[in-house]
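Chemist: my_file_12.pdb is reproduced below (PDB, C-alpha atoms and all ligand atoms).
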```pdb
MODEL        1
ATOM      1  CA  MET A   1     -17.760  -0.543  16.678
ATOM      2  CA  SER A   2     -14.157  -1.371  15.789
ATOM      3  CA  THR A   3     -13.494  -2.490  12.225
ATOM      4  CA  ARG A   4     -10.020  -3.928  12.813
ATOM      5  CA  THR A   5      -9.268  -7.638  12.366
ATOM      6  CA  SER A   6      -9.961  -9.407  15.653
ATOM      7  CA  ARG A   7      -7.000 -10.618  17.648
ATOM      8  CA  ILE A   8      -7.300 -14.208  18.811
ATOM      9  CA  GLN A   9      -4.810 -15.709  21.222
ATOM     10  CA  VAL A  10      -4.354 -19.462  21.065
ATOM     11  CA  ILE A  11      -3.225 -20.371  24.575
ATOM     12  CA  LEU A  12      -1.250 -23.592  24.753
ATOM     13  CA  GLY A  13      -2.008 -25.312  28.047
ATOM     14  CA  SER A  14       0.978 -27.623  28.216
ATOM     15  CA  THR A  15       4.430 -26.486  29.297
ATOM     16  CA  ARG A  16       5.652 -30.075  29.639
ATOM     17  CA  GLN A  17       8.947 -31.136  28.108
ATOM     18  CA  ASN A  18       8.470 -33.031  24.872
ATOM     19  CA  ARG A  19       4.831 -31.970  24.727
ATOM     20  CA  ALA A  20       2.522 -33.020  21.906
ATOM     21  CA  GLY A  21       0.454 -29.887  22.374
ATOM     22  CA  GLU A  22       2.706 -27.681  20.324
ATOM     23  CA  GLN A  23       1.593 -29.335  17.100
ATOM     24  CA  VAL A  24      -2.077 -29.074  18.078
ATOM     25  CA  ALA A  25      -1.700 -25.398  18.950
ATOM     26  CA  ARG A  26       0.258 -24.595  15.795
ATOM     27  CA  TRP A  27      -2.362 -26.280  13.630
ATOM     28  CA  ILE A  28      -5.341 -24.439  15.158
ATOM     29  CA  THR A  29      -3.416 -21.132  15.119
ATOM     30  CA  ASP A  30      -2.685 -21.499  11.393
ATOM     31  CA  LEU A  31      -6.281 -22.522  10.668
ATOM     32  CA  ALA A  32      -7.633 -19.486  12.538
ATOM     33  CA  ASP A  33      -5.050 -17.127  11.069
ATOM     34  CA  ALA A  34      -5.943 -18.189   7.520
ATOM     35  CA  ARG A  35      -9.355 -16.559   7.990
ATOM     36  CA  PRO A  36      -9.738 -12.956   6.824
ATOM     37  CA  ASP A  37     -11.579 -11.957  10.004
ATOM     38  CA  ILE A  38      -9.038 -13.307  12.501
ATOM     39  CA  ASP A  39      -5.475 -12.453  13.376
ATOM     40  CA  ALA A  40      -4.310 -15.471  15.413
ATOM     41  CA  GLU A  41      -1.269 -15.712  17.649
ATOM     42  CA  LEU A  42       0.046 -18.725  19.526
ATOM     43  CA  VAL A  43       0.593 -17.838  23.184
ATOM     44  CA  ASP A  44       2.905 -20.294  24.894
ATOM     45  CA  LEU A  45       2.541 -20.355  28.676
ATOM     46  CA  ARG A  46       6.263 -21.183  28.839
ATOM     47  CA  ASP A  47       6.809 -17.548  27.794
ATOM     48  CA  PHE A  48       4.560 -16.322  30.605
ATOM     49  CA  PRO A  49       5.776 -18.045  33.752
ATOM     50  CA  LEU A  50       3.432 -17.154  36.610
ATOM     51  CA  PRO A  51       3.591 -17.595  40.365
ATOM     52  CA  PHE A  52       1.304 -20.334  41.640
ATOM     53  CA  PHE A  53      -1.773 -18.295  42.514
ATOM     54  CA  ASP A  54      -1.313 -16.864  46.019
ATOM     55  CA  SER A  55      -2.704 -13.341  45.786
ATOM     56  CA  PRO A  56      -4.313 -11.988  48.989
ATOM     57  CA  PHE A  57      -7.235 -10.783  46.853
ATOM     58  CA  PRO A  58      -9.393 -12.362  44.188
ATOM     59  CA  PRO A  59      -8.386 -10.931  40.780
ATOM     60  CA  LYS A  60     -11.884  -9.444  40.560
ATOM     61  CA  ARG A  61     -10.778  -7.047  43.343
ATOM     62  CA  ALA A  62      -7.102  -6.413  42.600
ATOM     63  CA  LEU A  63      -4.145  -7.887  40.790
ATOM     64  CA  PRO A  64      -0.827  -8.202  42.602
ATOM     65  CA  ASP A  65       2.055  -5.904  41.580
ATOM     66  CA  ASP A  66       4.095  -8.958  40.571
ATOM     67  CA  PRO A  67       5.615  -8.035  37.172
ATOM     68  CA  GLN A  68       4.909 -11.512  35.779
ATOM     69  CA  VAL A  69       1.220 -11.175  36.630
ATOM     70  CA  GLN A  70       1.146  -7.651  35.204
ATOM     71  CA  THR A  71       2.760  -8.864  31.964
ATOM     72  CA  TRP A  72       0.224 -11.681  31.702
ATOM     73  CA  ALA A  73      -2.667  -9.294  32.390
ATOM     74  CA  ALA A  74      -1.489  -6.900  29.660
ATOM     75  CA  LYS A  75      -1.138  -9.769  27.217
ATOM     76  CA  VAL A  76      -4.614 -11.195  27.829
ATOM     77  CA  ALA A  77      -6.209  -7.726  27.871
ATOM     78  CA  ASP A  78      -4.901  -7.207  24.345
ATOM     79  CA  ALA A  79      -6.951 -10.101  22.903
ATOM     80  CA  ASP A  80     -10.452  -9.998  21.465
ATOM     81  CA  GLY A  81     -10.928 -13.720  21.970
ATOM     82  CA  PHE A  82      -9.204 -16.975  22.778
ATOM     83  CA  ILE A  83      -8.740 -20.575  21.839
ATOM     84  CA  LEU A  84      -7.687 -22.679  24.793
ATOM     85  CA  VAL A  85      -5.674 -25.742  23.828
ATOM     86  CA  THR A  86      -5.590 -28.208  26.682
ATOM     87  CA  PRO A  87      -4.108 -31.644  27.210
ATOM     88  CA  GLU A  88      -6.016 -34.200  29.266
ATOM     89  CA  TYR A  89      -4.152 -35.168  32.404
ATOM     90  CA  ASN A  90      -5.938 -37.662  34.670
ATOM     91  CA  TYR A  91      -9.344 -36.852  33.216
ATOM     92  CA  GLY A  92      -8.850 -33.119  33.670
ATOM     93  CA  TYR A  93      -7.292 -30.109  31.995
ATOM     94  CA  SER A  94      -3.816 -28.934  32.915
ATOM     95  CA  ALA A  95      -2.907 -27.196  36.166
ATOM     96  CA  VAL A  96      -0.749 -24.642  34.361
ATOM     97  CA  LEU A  97      -3.765 -23.550  32.327
ATOM     98  CA  LYS A  98      -5.971 -23.318  35.440
ATOM     99  CA  ASN A  99      -3.359 -21.147  37.116
ATOM    100  CA  ALA A 100      -3.139 -18.861  34.079
ATOM    101  CA  LEU A 101      -6.952 -18.544  34.044
ATOM    102  CA  ASP A 102      -7.364 -17.983  37.797
ATOM    103  CA  THR A 103      -4.661 -15.295  37.874
ATOM    104  CA  LEU A 104      -6.892 -12.805  36.018
ATOM    105  CA  TYR A 105     -10.549 -11.885  35.812
ATOM    106  CA  TYR A 106     -11.611  -8.737  33.927
ATOM    107  CA  GLU A 107      -9.128  -9.428  31.125
ATOM    108  CA  TRP A 108     -11.201 -12.502  30.155
ATOM    109  CA  ASN A 109     -14.652 -10.906  30.455
ATOM    110  CA  ASP A 110     -17.007 -10.685  27.495
ATOM    111  CA  LYS A 111     -14.722 -12.324  24.977
ATOM    112  CA  PRO A 112     -15.397 -15.461  22.957
ATOM    113  CA  VAL A 113     -13.519 -18.690  23.532
ATOM    114  CA  GLY A 114     -13.128 -21.927  21.649
ATOM    115  CA  ILE A 115     -11.761 -25.024  23.342
ATOM    116  CA  VAL A 116      -9.502 -27.653  21.825
ATOM    117  CA  GLY A 117      -8.709 -30.732  23.893
ATOM    118  CA  TYR A 118      -6.266 -33.461  23.074
ATOM    119  CA  GLY A 119      -4.996 -36.555  24.811
ATOM    120  CA  ALA A 120      -4.537 -40.252  24.421
ATOM    121  CA  ILE A 121      -7.612 -42.458  24.175
ATOM    122  CA  GLY A 122      -9.747 -39.835  25.951
ATOM    123  CA  GLY A 123      -8.987 -37.327  23.201
ATOM    124  CA  GLY A 124      -9.197 -34.494  25.714
ATOM    125  CA  LEU A 125     -12.990 -34.713  25.909
ATOM    126  CA  ARG A 126     -13.105 -34.749  29.725
ATOM    127  CA  ALA A 127     -10.649 -31.859  29.871
ATOM    128  CA  VAL A 128     -12.867 -29.894  27.483
ATOM    129  CA  MET A 129     -15.977 -30.610  29.568
ATOM    130  CA  GLN A 130     -14.263 -29.431  32.764
ATOM    131  CA  LEU A 131     -12.971 -26.303  31.110
ATOM    132  CA  ARG A 132     -16.465 -25.440  29.887
ATOM    133  CA  GLN A 133     -17.596 -24.919  33.503
ATOM    134  CA  VAL A 134     -14.625 -22.735  34.335
ATOM    135  CA  VAL A 135     -14.812 -20.318  31.404
ATOM    136  CA  VAL A 136     -18.418 -19.455  32.305
ATOM    137  CA  GLU A 137     -17.325 -17.982  35.632
ATOM    138  CA  LEU A 138     -14.652 -15.911  33.893
ATOM    139  CA  GLY A 139     -17.284 -14.245  31.709
ATOM    140  CA  LEU A 140     -15.978 -15.896  28.564
ATOM    141  CA  VAL A 141     -18.563 -16.813  25.938
ATOM    142  CA  GLN A 142     -17.835 -20.262  24.589
ATOM    143  CA  ALA A 143     -18.417 -21.831  21.216
ATOM    144  CA  ASN A 144     -20.666 -24.880  21.381
ATOM    145  CA  ALA A 145     -18.481 -26.861  19.017
ATOM    146  CA  GLY A 146     -15.568 -28.322  20.945
ATOM    147  CA  VAL A 147     -12.612 -29.924  19.251
ATOM    148  CA  ILE A 148     -10.973 -33.104  20.484
ATOM    149  CA  VAL A 149      -7.837 -34.756  19.160
ATOM    150  CA  PRO A 150      -7.390 -38.364  20.315
ATOM    151  CA  PHE A 151      -3.850 -39.774  20.277
ATOM    152  CA  ALA A 152      -2.510 -36.312  19.525
ATOM    153  CA  GLY A 153       1.048 -37.560  19.083
ATOM    154  CA  ARG A 154       0.094 -39.375  15.907
ATOM    155  CA  ALA A 155      -3.017 -37.505  14.784
ATOM    156  CA  PHE A 156      -1.241 -35.181  12.366
ATOM    157  CA  GLY A 157       0.029 -35.726   8.861
ATOM    158  CA  GLU A 158       3.306 -34.387   7.532
ATOM    159  CA  ASP A 159       1.553 -31.199   6.446
ATOM    160  CA  GLY A 160       0.708 -30.462  10.092
ATOM    161  CA  THR A 161      -3.036 -31.006   9.730
ATOM    162  CA  PRO A 162      -5.037 -33.764  11.429
ATOM    163  CA  SER A 163      -5.630 -36.868   9.343
ATOM    164  CA  ASP A 164      -9.165 -37.169  10.755
ATOM    165  CA  GLU A 165     -11.662 -35.231   8.647
ATOM    166  CA  VAL A 166     -14.074 -34.822  11.614
ATOM    167  CA  THR A 167     -11.431 -32.975  13.622
ATOM    168  CA  LEU A 168     -11.017 -30.437  10.838
ATOM    169  CA  ARG A 169     -14.772 -30.034  10.455
ATOM    170  CA  THR A 170     -15.386 -29.405  14.159
ATOM    171  CA  ALA A 171     -12.438 -27.005  14.262
ATOM    172  CA  ASN A 172     -13.933 -24.945  11.446
ATOM    173  CA  ALA A 173     -17.351 -25.021  13.133
ATOM    174  CA  MET A 174     -15.760 -23.809  16.366
ATOM    175  CA  LEU A 175     -13.890 -21.008  14.579
ATOM    176  CA  ASN A 176     -17.102 -19.920  12.808
ATOM    177  CA  GLU A 177     -18.837 -19.604  16.169
ATOM    178  CA  VAL A 178     -15.968 -17.670  17.722
ATOM    179  CA  ALA A 179     -15.917 -15.360  14.683
ATOM    180  CA  ASP A 180     -19.683 -14.792  14.978
ATOM    181  CA  TRP A 181     -19.308 -13.728  18.616
ATOM    182  CA  LEU A 182     -16.338 -11.418  18.028
ATOM    183  CA  PRO A 183     -18.170  -8.315  16.718
ATOM    184  CA  LEU A 184     -21.099  -8.813  19.099
ATOM    185  CA  LEU A 185     -18.904  -8.992  22.173
ATOM    186  CA  GLN A 186     -16.660  -6.194  20.890
ATOM    187  CA  ALA A 187     -19.789  -4.017  20.675
ATOM    188  CA  LYS A 188     -20.726  -4.988  24.225
ATOM    189  CA  ARG A 189     -17.233  -4.112  25.536
ATOM    190  CA  ASP A 190     -17.267  -0.811  23.620
ATOM    191  CA  ALA A 191     -20.688   0.093  25.059
ATOM    192  CA  GLN A 192     -19.512  -0.786  28.574
ATOM    193  CA  ALA A 193     -16.353   1.322  28.160
ATOM    194  CA  GLU A 194     -18.465   4.255  26.905
ATOM    195  CA  ALA A 195     -20.925   3.908  29.801
ATOM    196  CA  LYS A 196     -18.018   3.872  32.262
ATOM    197  CA  LEU A 197     -16.535   7.043  30.717
ATOM    198  CA  ALA A 198     -19.927   8.775  30.982
ATOM    199  CA  SER A 199     -20.420   7.632  34.575
ATOM    200  CA  ASP A 200     -16.867   8.726  35.545
ATOM    201  CA  ALA A 201     -17.450  12.128  33.918
ATOM    202  CA  LYS A 202     -20.753  12.513  35.802
ATOM    203  CA  ALA A 203     -19.105  11.598  39.099
ATOM    204  CA  GLU A 204     -16.274  14.070  38.401
ATOM    205  CA  ALA A 205     -18.752  16.863  37.568
ATOM    206  CA  LYS A 206     -20.619  16.183  40.824
ATOM    207  CA  ARG A 207     -17.359  16.260  42.792
ATOM    208  CA  ALA A 208     -16.441  19.605  41.193
ATOM    209  CA  ALA A 209     -19.911  21.088  41.900
ATOM    210  CA  ASP A 210     -19.775  19.897  45.526
ATOM    211  CA  ALA A 211     -16.310  21.427  45.953
ATOM    212  CA  GLN A 212     -17.493  24.729  44.445
ATOM    213  CA  ALA A 213     -20.530  24.813  46.758
ATOM    214  CA  GLU A 214     -18.287  24.102  49.733
ATOM    215  CA  ASP A 215     -15.898  26.940  48.707
ATOM    216  CA  LYS A 216     -18.840  29.324  48.366
ATOM    217  CA  ARG A 217     -20.224  28.329  51.748
ATOM    218  CA  ALA A 218     -16.818  28.791  53.372
ATOM    219  CA  ALA A 219     -16.399  32.220  51.742
ATOM    220  CA  GLU A 220     -19.800  33.361  52.932
ATOM    221  CA  GLU A 221     -19.486  32.047  56.458
ATOM    222  CA  PRO A 222     -17.539  34.956  58.081
ATOM    223  CA  GLU A 223     -20.023  37.433  56.593
ATOM    224  CA  THR A 224     -22.976  35.541  58.081
ATOM    225  CA  LYS A 225     -21.260  35.329  61.445
ATOM    226  CA  LYS A 226     -20.509  39.079  61.350
ATOM    227  CA  LEU A 227     -24.144  39.871  60.606
ATOM    228  CA  ALA A 228     -25.263  37.603  63.419
ATOM    229  CA  ALA A 229     -22.883  39.318  65.867
ATOM    230  CA  THR A 230     -24.188  42.838  65.108
ATOM    231  CA  ALA A 231     -27.877  41.844  65.235
TER     232      ALA A 231
HETATM  233  C1  LIG B   1       0.066 -37.117  33.970
HETATM  234  C2  LIG B   1      -0.632 -37.548  32.729
HETATM  235  C3  LIG B   1      -1.945 -37.953  32.785
HETATM  236  C4  LIG B   1      -2.634 -38.324  31.625
HETATM  237  N1  LIG B   1      -3.949 -38.649  31.703
HETATM  238  C5  LIG B   1      -4.638 -38.886  30.565
HETATM  239  C6  LIG B   1      -6.060 -39.082  30.608
HETATM  240  O1  LIG B   1      -6.669 -39.062  31.641
HETATM  241  N2  LIG B   1      -6.687 -39.298  29.427
HETATM  242  C7  LIG B   1      -6.036 -39.292  28.218
HETATM  243  O2  LIG B   1      -6.667 -39.469  27.178
HETATM  244  N3  LIG B   1      -4.703 -39.094  28.157
HETATM  245  C8  LIG B   1      -4.010 -38.883  29.292
HETATM  246  N4  LIG B   1      -2.652 -38.653  29.244
HETATM  247  C9  LIG B   1      -2.015 -38.619  27.940
HETATM  248  C10 LIG B   1      -1.867 -37.158  27.504
HETATM  249  O3  LIG B   1      -3.072 -36.535  27.301
HETATM  250  C11 LIG B   1      -1.039 -37.075  26.235
HETATM  251  O4  LIG B   1       0.224 -37.604  26.531
HETATM  252  C12 LIG B   1      -0.894 -35.664  25.745
HETATM  253  O5  LIG B   1      -0.022 -35.678  24.671
HETATM  254  C13 LIG B   1      -0.336 -34.733  26.817
HETATM  255  O6  LIG B   1      -0.168 -33.441  26.323
HETATM  256  P1  LIG B   1       1.272 -32.774  26.197
HETATM  257  O7  LIG B   1       2.178 -33.812  25.566
HETATM  258  O8  LIG B   1       1.083 -31.601  25.293
HETATM  259  O9  LIG B   1       1.683 -32.369  27.576
HETATM  260  C14 LIG B   1      -1.949 -38.319  30.391
HETATM  261  C15 LIG B   1      -0.612 -37.920  30.355
HETATM  262  C16 LIG B   1       0.043 -37.522  31.490
HETATM  263  C17 LIG B   1       1.474 -37.046  31.401
ENDMDL
END
```
Now, as a test, write the supplied structure out as structure tokens.
Ligand SMILES: Cc1cc2nc3c(=O)[nH]c(=O)nc-3n(C[C@H](O)[C@H](O)[C@H](O)COP(=O)(O)O)c2cc1C
Modeler:
Amino acid sequence: MSTRTSRIQVILGSTRQNRAGEQVARWITDLADARPDIDAELVDLRDFPLPFFDSPFPPKRALPDDPQVQTWAAKVADADGFILVTPEYNYGYSAVLKNALDTLYYEWNDKPVGIVGYGAIGGGLRAVMQLRQVVVELGLVQANAGVIVPFAGRAFGEDGTPSDEVTLRTANAMLNEVADWLPLLQAKRDAQAEAKLASDAKAEAKRAADAQAEDKRAAEEPETKKLAATA
């Protein structure tokens, strides 16, 4: 099992001009990064512009050669876990976040995720609930504690932390859960990678043995035919 500090990407799900989400994402990134067991990085989807999903194949089968998709895949593959920060738009999470999620598949698998929603009066709760269904299908393992930030534009003090004590408490509970999952899921991914190496090596050995047997058969064939002809 790896002993390195786990890399958590905080993915900001708003690319809107004048967005309130930046403050939410910065706060949760700093809170996560202050922990000794987590190395947190804010990932701004503005820096990873993606085509609107139009691949001929589901990402489970193949990713398109598109360099923007490849860059996004490499980025996500590098993480041990995620915190998704989503605004609530019309009772749902953001389209830009859905697109970023749908674009990949294996890169999300078997990693923990925490969800932070924010909005106006809804506080992002409905966005969080929707997102919970989606992350299951991507093989992400979610923290039970979900964070919501109502009226995000005015929820933070000058120090950049939320004025509401409950928000801070749920955020810490969520981070604890994500941190608990990190080594367990890392072990699962390591075991899967090892099993794949062993299975690839076995398949390669079988291919080599089959090829050797075929060479031997081909080398012996003229001799057999010659014997048959003189019989
Ligand atoms: C198109 C649109 C729809 C919205 N729908 C909701 C909503 O359903 N519930 C809610 O609480 N806030 C809603 N809001 C308010 C946003 O959640 C709030 O403005 C939030 O700051 C948006 O995130 P952003 O500024 O990071 O893009 C909506 C805002 C927009 C622009």
Chemist: In Å, with one decimal, what is the gap from CA of Pro56 (chain A) to CA of Tyr105 (chain A)?
Modeler: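 CA of Tyr105 (chain A) lies 14.6 Å from CA of Pro56 (chain A).
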Chemist: List the residues matched by the PyMOL selection byres (((not hetatm)) within 10 of (chain B and resi 1)) in the displayed structure as a ChimeraX atom specification, ordered by chain and then by residue number.
Modeler: /A:12-25,85-94,117-127,149-154
Chemist: Excluding Glu165 (chain A) and its own-chain neighbours fewer than 3 positions away, which residues fall within 12 Å of it when counting only C-alpha atoms? Please give them as number ranges by chain.
Modeler: A: 147, 149, 155-157, 161-162, 168-172
Chemist: With distances taken over all atoms listed in the file, which of A:Pro59, A:Val178, A:Ala198, A:Val96 is nearest to Asp44 (chain A)?
Modeler: A:Val96
Chemist: Work out how far apart CA of Ala195 (chain A) and CA of Leu138 (chain A) are and give it in Å to one decimal.
Modeler: 21.2 Å
Chemist: Between CA of Pro67 (chain A) and CA of Ile11 (chain A), what distance in Å does the model show, to one decimal?
Modeler: 19.7 Å
Chemist: Can you pull out every residue within 12 Å of Asp54 (chain A), counting all atoms listed in the file, but drop anything in the same chain fewer than 2 positions away, and send it as a list in words?
Modeler: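 Neighbouring residues, sequence-local ones excluded: Leu50, Pro51, Phe52, Pro56, Phe57, Pro58, Pro59, Leu63, Pro64, Asp66, Val69, Asn99, Asp102 and Thr103 of chain A.
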Chemist: When the PyMOL selection byres (((chain A and resi 49) around 9) and not hetatm) is applied to the structure above, which residues does it catch, written out as a PyMOL selection string?
Modeler: chain A and resi 45-48+50-51+68-69+72+100
